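Structure file final.txt; described as compact mmCIF, C-alpha atoms and all ligand atoms.
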# COMPACT_ATOMS: atom_id res chain seq x y z
CA MET A 1 0.00 0.00 0.00
CA SER A 2 1.23 3.49 -0.86
CA GLU A 3 0.84 6.73 1.07
CA GLN A 4 -1.55 7.92 -1.66
CA GLU A 5 -3.76 4.84 -1.27
CA VAL A 6 -4.10 5.41 2.46
CA GLN A 7 -4.75 9.13 1.90
CA THR A 8 -7.52 8.32 -0.59
CA ALA A 9 -9.12 5.83 1.81
CA VAL A 10 -8.95 8.33 4.66
CA ASP A 11 -10.30 11.19 2.52
CA ALA A 12 -13.44 9.18 1.96
CA VAL A 13 -14.34 9.57 5.65
CA ALA A 14 -12.44 12.67 6.78
CA ASN A 15 -13.67 15.37 4.42
CA GLY A 16 -10.23 16.87 3.86
CA ARG A 17 -9.40 16.99 7.55
CA ALA A 18 -6.68 14.30 7.54
CA ARG A 19 -3.11 14.32 6.19
CA VAL A 20 -1.38 10.94 5.89
CA ARG A 21 2.33 10.27 5.99
CA VAL A 22 3.73 6.78 5.62
CA ASP A 23 7.27 6.46 6.85
CA GLY A 24 8.82 3.00 6.76
CA GLY A 25 6.34 0.71 8.51
CA ARG A 26 4.59 3.59 10.29
CA THR A 27 1.52 5.55 9.30
CA GLY A 28 1.16 9.00 10.83
CA ILE A 29 -2.13 10.83 10.42
CA VAL A 30 -2.70 14.44 11.43
CA LEU A 31 -6.40 15.03 11.92
CA ASP A 32 -7.79 18.58 12.09
CA ALA A 33 -10.82 18.48 14.39
CA THR A 34 -11.41 22.24 14.50
CA GLY A 35 -14.96 23.05 15.55
CA LEU A 36 -16.08 19.48 16.18
CA PRO A 37 -17.74 18.57 19.47
CA ALA A 38 -16.00 15.87 21.52
CA ASP A 39 -18.19 12.95 20.42
CA GLU A 40 -17.83 13.76 16.71
CA ARG A 41 -14.11 14.22 17.16
CA ASP A 42 -13.82 10.72 18.66
CA GLY A 43 -16.08 9.23 16.01
CA LEU A 44 -14.01 10.79 13.24
CA GLU A 45 -10.75 9.56 14.74
CA GLN A 46 -12.11 6.01 14.90
CA ALA A 47 -13.41 6.21 11.31
CA VAL A 48 -10.03 7.47 10.09
CA ARG A 49 -8.22 4.65 11.87
CA ARG A 50 -10.55 2.05 10.39
CA ALA A 51 -10.24 3.47 6.89
CA ALA A 52 -6.45 3.55 7.09
CA ALA A 53 -6.29 -0.01 8.46
CA ALA A 54 -8.65 -1.24 5.74
CA ALA A 55 -6.30 0.28 3.15
CA GLY A 56 -3.50 -1.81 4.63
CA ALA A 57 -1.79 0.78 6.84
CA ALA A 58 0.16 -0.56 9.83
CA ASP A 59 1.29 0.99 13.12
CA ILE A 60 -1.22 3.85 12.78
CA ARG A 61 -0.74 6.96 14.92
CA VAL A 62 -3.30 9.71 14.83
CA ALA A 63 -2.52 13.20 16.12
CA VAL A 64 -5.68 15.26 16.59
CA THR A 65 -5.28 19.03 16.31
CA ALA A 66 -7.85 21.79 16.60
CA GLU A 67 -7.73 25.51 16.15
CA ARG A 68 -9.64 27.50 18.71
CA VAL A 69 -13.11 28.47 17.56
CA ARG A 70 -13.68 32.21 17.84
CA ARG A 71 -16.30 32.16 20.54
CA ARG A 72 -18.03 35.19 21.94
CA LEU A 73 -20.18 35.70 24.98
CA ILE A 74 -23.33 37.75 25.10
CA ALA A 75 -24.24 38.48 28.71
CA VAL A 76 -27.91 38.89 29.58
CA ALA A 77 -28.18 40.97 32.73
CA SER A 78 -30.63 42.85 34.88
CA GLY A 79 -30.23 45.16 37.82
CA LYS A 80 -32.66 43.07 39.91
CA GLY A 81 -34.45 39.74 39.95
CA GLY A 82 -37.86 38.92 38.57
CA VAL A 83 -37.78 41.13 35.49
CA GLY A 84 -37.61 38.21 33.04
CA LYS A 85 -33.85 38.05 32.48
CA SER A 86 -33.77 34.22 32.36
CA THR A 87 -36.82 34.10 30.10
CA LEU A 88 -35.17 36.54 27.72
CA ALA A 89 -31.81 34.70 27.81
CA ALA A 90 -33.45 31.36 26.97
CA ASN A 91 -35.55 32.76 24.15
CA LEU A 92 -32.71 34.87 22.76
CA ALA A 93 -30.52 31.74 22.58
CA VAL A 94 -33.30 29.71 20.92
CA ALA A 95 -34.07 32.48 18.41
CA LEU A 96 -30.39 32.91 17.53
CA ALA A 97 -30.08 29.15 16.98
CA ARG A 98 -33.23 29.09 14.84
CA ALA A 99 -31.71 31.84 12.70
CA GLY A 100 -28.76 29.53 12.01
CA GLY A 101 -26.29 30.58 14.70
CA ARG A 102 -24.06 28.11 16.53
CA VAL A 103 -25.30 28.98 19.97
CA GLY A 104 -24.88 27.67 23.50
CA LEU A 105 -26.51 28.76 26.74
CA VAL A 106 -24.80 29.17 30.11
CA ASP A 107 -26.95 29.62 33.18
CA ALA A 108 -24.78 31.36 35.76
CA ASP A 109 -27.70 32.51 37.90
CA ILE A 110 -26.63 31.15 41.28
CA TYR A 111 -29.64 32.74 42.97
CA GLY A 112 -32.19 30.81 40.94
CA PRO A 113 -30.90 28.71 38.08
CA SER A 114 -34.01 28.27 35.93
CA GLN A 115 -32.58 27.37 32.53
CA PRO A 116 -32.85 23.57 32.96
CA ARG A 117 -36.61 24.00 33.37
CA LEU A 118 -36.96 26.61 30.64
CA MET A 119 -34.96 24.47 28.20
CA ALA A 120 -36.59 21.11 29.06
CA ALA A 121 -33.32 19.72 30.45
CA GLU A 122 -34.31 19.38 34.09
CA GLY A 123 -32.60 16.55 35.97
CA VAL A 124 -29.97 16.05 33.27
CA ARG A 125 -26.48 15.88 34.71
CA PRO A 126 -23.63 16.96 32.44
CA GLU A 127 -20.76 14.50 32.09
CA ALA A 128 -17.15 15.52 32.23
CA ARG A 129 -14.24 14.44 30.10
CA ASP A 130 -10.60 15.29 30.64
CA LYS A 131 -11.78 17.51 33.52
CA GLN A 132 -13.97 19.49 31.12
CA LEU A 133 -17.77 19.53 31.31
CA LEU A 134 -19.72 18.39 28.28
CA PRO A 135 -22.72 20.66 27.60
CA VAL A 136 -26.06 18.84 27.48
CA PRO A 137 -28.24 18.91 24.37
CA THR A 138 -31.71 20.49 24.44
CA PRO A 139 -34.69 19.90 22.13
CA PHE A 140 -34.13 23.37 20.64
CA GLY A 141 -30.93 22.83 18.68
CA LEU A 142 -28.51 24.26 21.18
CA PRO A 143 -26.44 22.84 24.04
CA MET A 144 -26.58 24.27 27.53
CA LEU A 145 -25.03 24.12 30.98
CA SER A 146 -26.48 25.42 34.20
CA ILE A 147 -25.13 25.87 37.69
CA GLY A 148 -28.40 24.13 38.65
CA GLN A 149 -27.12 20.96 36.97
CA LEU A 150 -24.03 20.89 39.18
CA VAL A 151 -25.56 21.49 42.60
CA GLU A 152 -28.78 20.55 44.34
CA PRO A 153 -31.51 23.13 43.84
CA GLY A 154 -31.16 25.84 46.45
CA ARG A 155 -27.55 25.00 47.27
CA ALA A 156 -25.82 27.29 44.78
CA LEU A 157 -26.79 30.32 46.83
CA ALA A 158 -24.64 29.19 49.73
CA TRP A 159 -21.70 29.18 47.37
CA ARG A 160 -21.16 32.81 46.75
CA GLY A 161 -17.52 33.74 46.58
CA PRO A 162 -14.63 31.65 45.30
CA MET A 163 -16.56 28.38 45.08
CA ALA A 164 -19.23 29.92 42.93
CA ALA A 165 -16.59 31.58 40.77
CA GLY A 166 -14.87 28.22 40.26
CA ALA A 167 -18.09 26.45 39.31
CA LEU A 168 -19.16 29.23 36.98
CA GLY A 169 -15.74 29.07 35.32
CA GLN A 170 -16.31 25.38 34.58
CA LEU A 171 -19.53 26.26 32.77
CA VAL A 172 -17.97 28.89 30.54
CA GLU A 173 -14.82 26.86 29.90
CA ALA A 174 -16.67 23.63 29.11
CA ASP A 175 -16.17 21.75 25.85
CA TRP A 176 -18.40 23.98 23.70
CA GLY A 177 -17.12 22.46 20.45
CA ALA A 178 -18.29 24.44 17.43
CA THR A 179 -20.38 26.91 19.46
CA GLU A 180 -19.63 30.47 18.34
CA THR A 181 -22.01 32.47 20.50
CA LEU A 182 -22.52 31.72 24.18
CA VAL A 183 -25.52 33.39 25.76
CA LEU A 184 -24.70 33.94 29.43
CA ASP A 185 -27.58 34.28 31.88
CA LEU A 186 -25.93 36.28 34.66
CA PRO A 187 -27.18 36.43 38.25
CA PRO A 188 -29.45 39.47 38.75
CA GLY A 189 -27.95 42.50 40.41
CA THR A 190 -24.72 44.42 40.24
CA GLY A 191 -22.61 42.99 43.05
CA ASP A 192 -19.17 41.40 43.22
CA VAL A 193 -20.21 38.08 41.68
CA GLN A 194 -21.44 39.84 38.57
CA LEU A 195 -18.47 42.19 38.30
CA THR A 196 -15.99 39.35 38.77
CA MET A 197 -17.64 37.27 36.06
CA VAL A 198 -17.81 40.16 33.64
CA GLN A 199 -14.17 41.07 34.20
CA LYS A 200 -12.98 37.48 33.94
CA TYR A 201 -14.89 36.38 30.85
CA LYS A 202 -15.11 39.70 29.03
CA PRO A 203 -18.39 39.27 27.18
CA ALA A 204 -18.41 40.77 23.68
CA GLY A 205 -21.54 42.64 24.69
CA ALA A 206 -24.37 42.83 27.19
CA VAL A 207 -28.14 42.81 26.79
CA ILE A 208 -29.92 44.56 29.67
CA VAL A 209 -33.44 43.49 30.61
CA SER A 210 -35.76 45.83 32.47
CA THR A 211 -39.44 46.25 33.17
CA PRO A 212 -40.82 49.68 32.26
CA GLN A 213 -41.27 51.11 35.75
CA ASP A 214 -38.97 53.64 37.36
CA LEU A 215 -37.53 51.49 40.10
CA ALA A 216 -36.52 48.73 37.72
CA LEU A 217 -34.99 51.34 35.45
CA ILE A 218 -32.77 52.66 38.24
CA ASP A 219 -31.46 49.11 38.61
CA ALA A 220 -31.03 48.78 34.85
CA ARG A 221 -28.92 51.93 34.91
CA ARG A 222 -26.72 50.33 37.57
CA ALA A 223 -26.30 47.27 35.36
CA ILE A 224 -25.31 49.47 32.44
CA ASP A 225 -22.75 51.20 34.69
CA LEU A 226 -21.31 47.83 35.73
CA PHE A 227 -20.59 46.90 32.12
CA ALA A 228 -19.20 50.34 31.39
CA THR A 229 -16.83 49.93 34.35
CA ALA A 230 -15.66 46.61 32.92
CA GLY A 231 -15.31 48.03 29.40
CA VAL A 232 -18.05 45.78 27.96
CA PRO A 233 -20.25 47.42 25.31
CA ILE A 234 -24.03 47.38 25.69
CA VAL A 235 -25.80 45.65 22.78
CA GLY A 236 -29.04 47.21 23.94
CA VAL A 237 -31.94 47.26 26.36
CA VAL A 238 -35.02 45.01 26.21
CA GLU A 239 -38.24 46.10 27.88
CA ASN A 240 -40.03 43.10 29.33
CA MET A 241 -43.59 42.89 30.67
CA ALA A 242 -44.54 45.89 28.57
CA GLY A 243 -48.32 46.12 28.21
CA TYR A 244 -50.70 43.46 29.48
CA ALA A 245 -53.33 41.94 27.26
CA CYS A 246 -56.22 40.71 29.44
CA PRO A 247 -56.93 37.11 28.42
CA HIS A 248 -60.67 37.65 29.19
CA CYS A 249 -61.62 40.98 27.65
CA GLY A 250 -58.59 41.65 25.46
CA GLU A 251 -58.08 45.13 26.84
CA VAL A 252 -54.45 46.18 26.88
CA SER A 253 -53.23 47.87 30.04
CA ASP A 254 -49.79 48.88 31.25
CA PRO A 255 -49.36 47.58 34.82
CA PHE A 256 -45.68 48.57 34.84
CA GLY A 257 -46.01 51.70 32.72
CA HIS A 258 -45.05 51.87 29.08
CA GLY A 259 -42.01 52.90 27.11
CA GLY A 260 -39.89 53.66 30.19
CA ALA A 261 -37.02 51.42 29.10
CA GLU A 262 -36.97 52.86 25.59
CA ALA A 263 -36.92 56.41 26.89
CA GLU A 264 -34.18 55.50 29.33
CA ALA A 265 -32.12 53.76 26.63
CA THR A 266 -32.40 56.84 24.43
CA ARG A 267 -31.38 59.06 27.33
CA LEU A 268 -28.34 56.90 28.07
CA GLY A 269 -27.41 56.62 24.40
CA VAL A 270 -27.73 52.82 24.21
CA PRO A 271 -29.80 50.97 21.59
CA PHE A 272 -33.34 49.83 22.36
CA LEU A 273 -33.84 46.25 21.13
CA GLY A 274 -37.57 45.85 21.61
CA ARG A 275 -40.50 45.05 23.87
CA VAL A 276 -41.77 41.75 25.19
CA PRO A 277 -45.41 41.95 26.31
CA LEU A 278 -46.61 40.66 29.66
CA ASP A 279 -48.37 37.60 28.38
CA ILE A 280 -49.61 34.64 30.40
CA ALA A 281 -48.74 32.41 27.43
CA ILE A 282 -45.06 33.30 27.86
CA ARG A 283 -45.14 32.19 31.48
CA THR A 284 -47.06 28.96 30.93
CA ALA A 285 -44.93 27.96 27.92
CA SER A 286 -41.74 28.76 29.86
CA ASP A 287 -42.86 26.72 32.87
CA ALA A 288 -43.58 23.81 30.54
CA GLY A 289 -40.09 23.88 29.01
CA LYS A 290 -41.32 25.20 25.68
CA PRO A 291 -39.64 28.53 24.94
CA PRO A 292 -42.01 30.66 22.84
CA ALA A 293 -39.09 31.55 20.54
CA ALA A 294 -39.11 27.92 19.34
CA LEU A 295 -42.57 28.41 17.81
CA ASP A 296 -42.95 29.27 14.12
CA ASP A 297 -45.27 32.17 14.91
CA ASP A 298 -42.81 33.90 17.24
CA ARG A 299 -42.85 37.60 16.38
CA VAL A 300 -41.39 38.82 19.66
CA PHE A 301 -38.00 37.23 20.23
CA ALA A 302 -36.82 36.71 16.62
CA PRO A 303 -36.54 40.48 15.89
CA ILE A 304 -34.59 41.01 19.12
CA ALA A 305 -32.27 38.12 18.25
CA ALA A 306 -31.80 39.49 14.73
CA GLN A 307 -30.53 42.76 16.17
CA VAL A 308 -28.13 40.93 18.47
CA ALA A 309 -26.86 38.84 15.51
CA ASP A 310 -26.40 42.00 13.41
CA TRP A 311 -24.55 43.63 16.25
CA LEU A 312 -22.20 40.62 16.57
CA ALA A 313 -21.63 40.55 12.83
CA THR A 314 -20.27 44.09 12.88
CA ARG A 315 -17.77 43.36 15.64
P1 LIG B 1 -35.49 36.78 36.25
O1 LIG B 1 -34.54 35.86 35.54
O2 LIG B 1 -35.27 38.22 35.88
O3 LIG B 1 -35.53 36.58 37.71
P2 LIG B 1 -37.57 35.19 35.06
O4 LIG B 1 -37.19 35.11 33.63
O5 LIG B 1 -37.29 34.00 35.93
O6 LIG B 1 -36.96 36.50 35.72
O7 LIG B 1 -39.12 35.57 35.12
C1 LIG B 1 -39.81 35.67 36.34
C2 LIG B 1 -41.22 35.14 36.16
O8 LIG B 1 -41.92 35.99 35.26
C3 LIG B 1 -41.27 33.76 35.55
O9 LIG B 1 -42.35 33.06 36.10
C4 LIG B 1 -41.53 34.02 34.07
O10 LIG B 1 -42.21 32.94 33.43
C5 LIG B 1 -42.39 35.24 34.13
N1 LIG B 1 -42.23 36.11 32.96
C6 LIG B 1 -41.10 36.64 32.45
N2 LIG B 1 -41.36 37.41 31.38
C7 LIG B 1 -42.69 37.35 31.18
C8 LIG B 1 -43.60 37.94 30.23
N3 LIG B 1 -43.15 38.75 29.27
N4 LIG B 1 -44.92 37.62 30.34
C9 LIG B 1 -45.37 36.82 31.32
N5 LIG B 1 -44.59 36.26 32.25
C10 LIG B 1 -43.27 36.52 32.19

Would you kindly transcribe this structure into structure tokens?
Ligand code: ADP
Amino acid sequence: MSEQEVQTAVDAVANGRARVRVDGGRTGIVLDATGLPADERDGLEQAVRRAAAAAGAADIRVAVTAERVRRRLIAVASGKGGVGKSTLAANLAVALARAGGRVGLVDADIYGPSQPRLMAAEGVRPEARDKQLLPVPTPFGLPMLSIGQLVEPGRALAWRGPMAAGALGQLVEADWGATETLVLDLPPGTGDVQLTMVQKYKPAGAVIVSTPQDLALIDARRAIDLFATAGVPIVGVVENMAGYACPHCGEVSDPFGHGGAEAEATRLGVPFLGRVPLDIAIRTASDAGKPPAALDDDRVFAPIAAQVADWLATR
């Protein structure tokens, strides 16, 4: 068997990723696994070995190389809890993935990790390989990891400080394979945990979620300041729970005011990305692990995601 014969056999399974060199009785194969998740990488290595052996190669050694994928984080943050930050993060990730992005979701909300429920991955424990966590798949075409998958519910809170920082680091530095955009659901608030994470992982940009009322907007301003301090640009502000459509009479009211976040964004000179209405269907779908952004008739989250994707494309 010649080097060319082995190369041809290997090409049939490796899609141009393998270079063969036969030297005496030895066959060396350099396999470029850039962008492949761990399981595909292993599968490809096995396929290449089999193909080379079938072509008559002996003493086969495979060296797997991979260039780093250019991966960027988009932090989703809010100045306080309960404004819909996790809901927005989940649906933003799903909408970005539906638009063709290679997206992953990291739930770093140590105060109330809700992404496993929102993404229908509750009770799934991530495995680790070579001391790196393997993100878990979701039914929505994107992998995820949550602090809630590493600790018992309610325990993460007791972890603030270095332990939390270590665990959160494992989530961000997991084996994200080909993922290019990681949506990071940050803990609510503007304390040390948030600042440490933002400084350490330097998100490419931040999306700020606020409800329209004044008090929430003061907190949103604090969140914007936190990112400014860390030198992280603001992608924009999303107003959540804007306008309530009564499921009985259909009348639209504004329990939290209207347009406050947009006015505030304009005042602060940051983009306004859109409004998400206060809609019981959003809550019930979220609780059932069915993010509304996964539905074909989603008109709310897709336009917000499109703006985030455009923003990333210009960076
Ligand atoms: P946060 O992450 O800011 O604490 P969540 O995303 O967990 O907030 O949302 C808090 C609660 O409000 C959840 O029960 C969620 O389903 C609900 N919720 C969020 N946004 C909306 C909305 N636009 N309409 C109806 N319910 C919403």

Open item on the list: 7 Å from ligand LIG 1 (chain B) is the threshold here; counting only C-alpha atoms and all ligand atoms, which polymer residues fall inside it? Answer as a list in words.
Closed with: Ser78, Lys80, Gly81, Gly82, Val83, Gly84, Lys85, Ser86, Thr87, Leu88, Ser114, Pro188, Asn240, Met241, Val276, Pro277, Leu278, Asp279, Ile280, Ala281, Ile282, Arg283, Thr284, Ser286 and Asp287 of chain A

Task: Selected residue of minimal separation from A:Ala54 among A:Leu96, A:Ile224, A:Met1, A:Leu105, counting all atoms listed in the file - done: A:Met1

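What separates atom CA of A:Gly257 from atom CA of A:Trp311 is a distance of 28.2 Å.
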
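Using all atoms listed in the file for every distance, the candidate list A:Gly169, A:Glu3, A:Ala245, A:Met119 yields A:Gly169 as the residue closest to A:Val193.
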
Sorted per-residue table, stretch 176-201 of chain A near stretch 36-43 of chain A, closest atoms and distance, 9 Å, all atoms listed in the file, as a tab-separated table:
residue	atom	partner	partner_atom	distance
A:Trp176	CA	A:Pro37	CA	6.9
A:Gly177	CA	A:Pro37	CA	4.1
A:Ala178	CA	A:Leu36	CA	5.6
A:Thr179	CA	A:Pro37	CA	8.7

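Atom pair atom CA of A:Arg21 / atom CA of A:Ala57 has a distance of 10.4 Å (rounded to one decimal).
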
TODO: Could you give me, as a count of residues only, the residues within 7 Å of A:Leu186, counting all atoms listed in the file and dropping anything in the same chain fewer than 6 positions from it?
DONE: 7

Open item on the list: Just want the 10 Å neighbourhood of A:Ala206, counted on only C-alpha atoms, with same-chain residues fewer than 4 positions away dropped. Output as a list of chain:residue names.
Closed with: A:Leu73, A:Ile74, A:Ala75, A:Val76, A:Ala77, A:Ser78, A:Val183, A:Leu184, A:Val198, A:Lys202, A:Ala223, A:Ile224, A:Phe227, A:Val232, A:Pro233, A:Ile234, A:Val235, A:Gly236, A:Val237, A:Val308

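Atom to atom, atom CA of A:Ala174 and atom CA of A:Leu145 stand 8.6 Å apart.
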
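Restricting the calculation to only C-alpha atoms, the smallest distance between A:Asp297 and any of A:Gly259, A:Ala95, A:Gln132, A:Gly189 is found for A:Ala95.
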
- [ ] Show which residues sit within 8 Å of A:Gly79, as a PyMOL selection string. Count all atoms listed in the file, and ignore same-chain residues fewer than 3 positions away.
- [x] chain A and resi 188-190+210+216+218-223

Keeping only C-alpha atoms, write the selected residues as an mmCIF file, in the coordinates of the input.
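Wrote out.cif, looks like this:
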data_model
loop_
_atom_site.group_PDB
_atom_site.id
_atom_site.type_symbol
_atom_site.label_atom_id
_atom_site.label_comp_id
_atom_site.auth_asym_id
_atom_site.auth_seq_id
_atom_site.Cartn_x
_atom_site.Cartn_y
_atom_site.Cartn_z
ATOM 1 C CA PRO A 188 -29.450 39.470 38.750
ATOM 2 C CA GLY A 189 -27.950 42.500 40.410
ATOM 3 C CA THR A 190 -24.720 44.420 40.240
ATOM 4 C CA SER A 210 -35.760 45.830 32.470
ATOM 5 C CA ALA A 216 -36.520 48.730 37.720
ATOM 6 C CA ILE A 218 -32.770 52.660 38.240
ATOM 7 C CA ASP A 219 -31.460 49.110 38.610
ATOM 8 C CA ALA A 220 -31.030 48.780 34.850
ATOM 9 C CA ARG A 221 -28.920 51.930 34.910
ATOM 10 C CA ARG A 222 -26.720 50.330 37.570
ATOM 11 C CA ALA A 223 -26.300 47.270 35.360
#

How big is the axis-aligned box, and where does its centre sit, when it encloses all atoms of stretch 261-279 of chain A listed in the file and has 6 Å added on every side, reported in Å to one decimal as lines of an AutoDock Vina configuration file?
center_x = -37.9
center_y = 48.3
center_z = 25.4
size_x = 33.0
size_y = 33.5
size_z = 20.5

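With all atoms listed in the file as the atoms that count, the residue of A:Ala52, A:Cys246, A:Gly100, A:Gln46 with the shortest distance to A:Gln4 is A:Ala52.
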
Task: Top pick for closest residue to A:Gly56, considering A:Glu239, A:Glu5, A:Glu152, A:Asp32 and counting all atoms listed in the file - done: A:Glu5

Task: Selection: 7 Å around A:Leu142, all atoms listed in the file, excl. self and same-chain fewer than 5 positions, as a list in words - done: Ala97, Val103, Gly104 and Pro137 of chain A

Task: Proximity to A:Ala288 - best of A:Ala120, A:Leu182, A:Ala313, A:Ala263, only C-alpha atoms - done: A:Ala120
